[in-house]
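Below you'll find the structure, written out as structure tokens, and then a few comments.
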Amino acid sequence: MGVKAYSTDAFVLPLPAGHRFPMEKYRLLREAVSDWPGLEVVEPPAATDEALGLVHTQAYLKAMVEGSLPTAMVAEIGFPWSPAMVERSRRSTGATMAAAVAALSGEGLAFNLAGGTHHAFADRGEGFCCFNDAAVAARWVQAQGLAHRVLILDLDVHQGNGTACIFEGDESVFTVSIHGEQNYPFQKESSDLDIALQSGADDQAYAAALGQALAVADRAGPFDLLVYLAGADPLASDRLGQLALSLEGLGRRDRAVFEWARARSLPTAVAMAGGYSRPISLTVEAHLQTIRIGLQTLSRI
């Protein structure tokens, strides 16, 4: 038994030849951690309609499940609709829900080896995101009485526009996003704190932004749970990222977040979020680094 890492790799999403989303990173990540001491890789439960309905509208859920989404909405998501897409999306959301519950139930730390689907709004999906896993996880633990206030720290390179919109004006969930100003989504929403970085921002600029974000989160707290979207797409090698972080800089980011959480005894659920480097092994190494640093820093706080 060890810290739980929830893998959705068994739930294959068939994509057309040449599709640009790198699904293979999930398999490579799961294979790499399958025998790590202190880590237990498990299959996540599927998010139920009840759980998804805490965030998403009934009309959207019905259309998603039945496959009756308008063509334009399917195009905005970026995946062709299929029952497999719905099942994988349920499992990816269920993985972050399960990670949040595990972190709050004495583990202190748990991982979703996928997740970070922060472009999904209450009534629609966008940008390869069908259901908003961080939002559903936050609402689920609140509904179960496991947490009252949740911090969602989104360090994917793209703004978590869906998450920001879902929780706008809601004091029980504090949303922070550090992202590329010139990057997708081109129409931003308003998180509780948005820090937009210029293209080419390096390790030093990112560290300064993160220090600012954590100071603001301190003033906004206390919180019962941290949901951390640990995107690998700020890497300089990322083909969609536009920032210039080194692998070492990304590691310093992760260590700063985990040490901040440890100092506050804050249970933490981690989703891997984005990563689109070529070769994809660079993204996988960044995700592995996040898990390694989390285990070193935050296990059983």
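Numbering starts fresh at 1 for the residues of each chain in the structure tokens, the chains themselves are lettered A, B, ... in the order given, and ligands are numbered from 1 as they appear.
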| request: Find the residues near region 179-188 of chain A: any atom within 10 Å, counting only C-alpha atoms, skip ones fewer than 4 places away on the same chain, and give them as a VMD selection string. | output: chain A and resid 119 126 to 127 154 to 162 164 to 165 194 to 201 206 209 233 to 234 240 to 243
Would you save the residues from that selection as a tab-separated table (two decimals), in the first residue's frame, using N, CA and C atoms?
```tsv
chain	number	residue	atom	x	y	z
A	119	HIS	N	-10.80	23.34	-19.20
A	119	HIS	CA	-11.51	24.15	-20.20
A	119	HIS	C	-12.99	23.78	-20.29
A	126	GLU	N	-14.57	22.29	-24.05
A	126	GLU	CA	-13.67	22.97	-24.98
A	126	GLU	C	-12.29	22.35	-24.83
A	127	GLY	N	-11.44	22.56	-25.84
A	127	GLY	CA	-10.02	22.29	-25.71
A	127	GLY	C	-9.65	20.94	-25.14
A	154	ASP	N	-3.90	26.22	-10.55
A	154	ASP	CA	-3.82	25.76	-11.94
A	154	ASP	C	-2.52	26.27	-12.56
A	155	LEU	N	-1.53	25.37	-12.68
A	155	LEU	CA	-0.25	25.73	-13.26
A	155	LEU	C	-0.03	25.06	-14.62
A	156	ASP	N	-1.11	24.69	-15.27
A	156	ASP	CA	-1.08	24.39	-16.70
A	156	ASP	C	-0.79	25.71	-17.42
A	157	VAL	N	-0.15	25.65	-18.59
A	157	VAL	CA	0.23	26.87	-19.29
A	157	VAL	C	-0.96	27.61	-19.88
A	158	HIS	N	-2.11	26.93	-19.99
A	158	HIS	CA	-3.31	27.55	-20.53
A	158	HIS	C	-4.25	27.92	-19.38
A	159	GLN	N	-4.89	29.08	-19.47
A	159	GLN	CA	-5.78	29.48	-18.38
A	159	GLN	C	-6.92	28.49	-18.21
A	160	GLY	N	-7.25	28.21	-16.96
A	160	GLY	CA	-8.39	27.35	-16.65
A	160	GLY	C	-9.68	28.12	-16.75
A	161	ASN	N	-10.08	28.42	-17.98
A	161	ASN	CA	-11.23	29.31	-18.19
A	161	ASN	C	-12.54	28.70	-17.70
A	162	GLY	N	-12.71	27.39	-17.92
A	162	GLY	CA	-13.93	26.75	-17.45
A	162	GLY	C	-14.02	26.76	-15.94
A	164	ALA	N	-12.55	28.85	-13.86
A	164	ALA	CA	-12.76	30.23	-13.41
A	164	ALA	C	-14.23	30.62	-13.51
A	165	CYS	N	-14.85	30.26	-14.62
A	165	CYS	CA	-16.26	30.63	-14.83
A	165	CYS	C	-17.18	29.89	-13.86
A	194	ASP	N	-5.42	35.69	-11.47
A	194	ASP	CA	-4.81	35.35	-12.75
A	194	ASP	C	-3.48	36.05	-12.86
A	195	ILE	N	-2.43	35.28	-13.18
A	195	ILE	CA	-1.12	35.86	-13.47
A	195	ILE	C	-0.74	35.43	-14.87
A	196	ALA	N	-0.73	36.39	-15.79
A	196	ALA	CA	-0.48	36.11	-17.20
A	196	ALA	C	0.98	36.41	-17.52
A	197	LEU	N	1.68	35.44	-18.07
A	197	LEU	CA	3.09	35.57	-18.40
A	197	LEU	C	3.27	35.81	-19.89
A	198	GLN	N	4.27	36.60	-20.22
A	198	GLN	CA	4.59	36.86	-21.61
A	198	GLN	C	5.24	35.62	-22.23
A	199	SER	N	5.05	35.44	-23.52
A	199	SER	CA	5.72	34.34	-24.22
A	199	SER	C	7.22	34.42	-24.00
A	200	GLY	N	7.83	33.26	-23.77
A	200	GLY	CA	9.26	33.21	-23.52
A	200	GLY	C	9.65	33.38	-22.07
A	201	ALA	N	8.68	33.53	-21.17
A	201	ALA	CA	8.99	33.67	-19.75
A	201	ALA	C	9.81	32.46	-19.28
A	206	TYR	N	8.89	32.75	-13.87
A	206	TYR	CA	7.85	31.85	-13.37
A	206	TYR	C	7.92	31.75	-11.85
A	209	ALA	N	6.31	34.71	-10.27
A	209	ALA	CA	4.85	34.64	-10.37
A	209	ALA	C	4.28	33.66	-9.36
A	233	ASP	N	3.31	21.63	-19.53
A	233	ASP	CA	3.40	22.43	-20.75
A	233	ASP	C	4.08	23.79	-20.62
A	234	PRO	N	4.50	24.25	-19.42
A	234	PRO	CA	5.40	25.42	-19.41
A	234	PRO	C	6.81	25.13	-19.90
A	240	LEU	N	2.98	23.58	-27.61
A	240	LEU	CA	1.82	24.46	-27.44
A	240	LEU	C	2.01	25.44	-26.29
A	241	GLY	N	3.16	25.44	-25.65
A	241	GLY	CA	3.31	26.17	-24.40
A	241	GLY	C	3.71	27.63	-24.51
A	242	GLN	N	4.69	27.95	-25.36
A	242	GLN	CA	5.18	29.30	-25.60
A	242	GLN	C	6.00	29.88	-24.43
A	243	LEU	N	6.20	29.12	-23.35
A	243	LEU	CA	7.07	29.58	-22.27
A	243	LEU	C	8.43	28.90	-22.43
```
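For Leu15 (chain A), the list of residues within 8 Å, based on only C-alpha atoms and with local chain neighbours fewer than 2 positions off taken out, reads A:Leu13, A:Ala17, A:His19, A:Phe79, A:Pro80.
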Please dump the current selection as a compact mmCIF listing (two decimals), in the first residue's frame; keep N, CA and C atoms.
```txt
# COMPACT_ATOMS: atom_id res chain seq x y z
N LEU A 13 -9.13 5.82 -25.66
CA LEU A 13 -9.93 6.73 -26.46
C LEU A 13 -9.45 6.65 -27.90
N ALA A 17 -6.36 8.94 -37.16
CA ALA A 17 -4.93 9.02 -37.48
C ALA A 17 -4.53 10.48 -37.65
N HIS A 19 -4.38 12.71 -35.26
CA HIS A 19 -4.92 13.60 -34.23
C HIS A 19 -3.78 14.09 -33.35
N PHE A 79 -12.42 16.24 -29.70
CA PHE A 79 -12.46 14.78 -29.84
C PHE A 79 -13.75 14.39 -30.55
N PRO A 80 -13.74 13.43 -31.46
CA PRO A 80 -15.00 12.92 -32.01
C PRO A 80 -15.79 12.22 -30.91
```
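Minimum atom-to-atom distance to Gly53 (chain A), evaluated using only C-alpha atoms, belongs to A:Val136 out of A:Val136, A:Ala5, A:Arg91, A:Ala110.
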| task | Can you pull out every residue within 12 Å of Arg139 (chain A), counting only C-alpha atoms, but drop anything in the same chain fewer than 4 positions away, and send it as a count of residues only? | result | 34
| said: I'd like to know which residues of region 7-246 of chain A are helix (DSSP H, G or I) (by DSSP, run on the backbone); could you write them as number ranges by chain? | reply: A: 24-33, 49-52, 58-66, 71-77, 83-107, 133-143, 161-166, 203-220
| task | List the neighbours of Arg278 (chain A) out to 10 Å using only C-alpha atoms; skip same-chain residues closer than 4 positions along the sequence, and give me the result as a VMD selection string. | result | chain A and resid 22 237 to 239 282 to 283
| task | Tell me, as a ChimeraX atom specification, which residues lie within 8 Å of region 64-78 of chain A, counting only C-alpha atoms; anything in the same chain fewer than 4 positions away does not count. | result | /A:60,82-83,86,124-130
| note | Using only C-alpha atoms, the shortest atom-to-atom distance to Ser89 (chain A) among A:Ala271, A:Ala114, A:Leu104, A:Leu247 belongs to A:Ala114
| message | Applying 7 Å and only C-alpha atoms, which residues near region 291-298 of chain A remain after dropping the ones on its own chain fewer than 6 positions away? List them as a ChimeraX atom specification. | response | /A:109,254-255,258-259,262
Keeping only N, CA and C atoms, write the selected residues as an mmCIF file, in the first residue's frame.
```cif
data_model
loop_
_atom_site.group_PDB
_atom_site.id
_atom_site.type_symbol
_atom_site.label_atom_id
_atom_site.label_comp_id
_atom_site.auth_asym_id
_atom_site.auth_seq_id
_atom_site.Cartn_x
_atom_site.Cartn_y
_atom_site.Cartn_z
ATOM 1 N N LEU A 109 -1.842 13.022 0.260
ATOM 2 C CA LEU A 109 -1.428 13.240 -1.118
ATOM 3 C C LEU A 109 -1.953 12.110 -1.976
ATOM 4 N N ASP A 254 7.322 22.659 -8.642
ATOM 5 C CA ASP A 254 6.628 21.602 -7.908
ATOM 6 C C ASP A 254 7.056 21.572 -6.447
ATOM 7 N N ARG A 255 8.343 21.691 -6.215
ATOM 8 C CA ARG A 255 8.824 21.638 -4.834
ATOM 9 C C ARG A 255 8.265 22.803 -4.024
ATOM 10 N N PHE A 258 4.565 21.941 -3.211
ATOM 11 C CA PHE A 258 4.420 20.868 -2.227
ATOM 12 C C PHE A 258 4.931 21.295 -0.848
ATOM 13 N N GLU A 259 6.004 22.061 -0.816
ATOM 14 C CA GLU A 259 6.511 22.521 0.477
ATOM 15 C C GLU A 259 5.551 23.525 1.104
ATOM 16 N N ARG A 262 2.810 21.408 2.530
ATOM 17 C CA ARG A 262 3.269 20.690 3.727
ATOM 18 C C ARG A 262 3.319 21.608 4.935
#
```
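Comparing the minimum interatomic distances between Pro279 (chain A) and each of A:Ala59, A:Tyr6, A:Lys25, A:Val12, counting only C-alpha atoms, we find that A:Lys25 sits nearest.
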| task | Return the single residue from A:His287, A:Arg252, A:Arg264, A:Arg90 that is closest to Gly231 (chain A), with distances computed using only C-alpha atoms. | result | A:His287
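Atom to atom, CA of Leu210 (chain A) and CA of Leu229 (chain A) stand 13.3 Å apart.
Across the structure, CA of Asp35 (chain A) and CA of Val3 (chain A) are spaced 12.4 Å apart.
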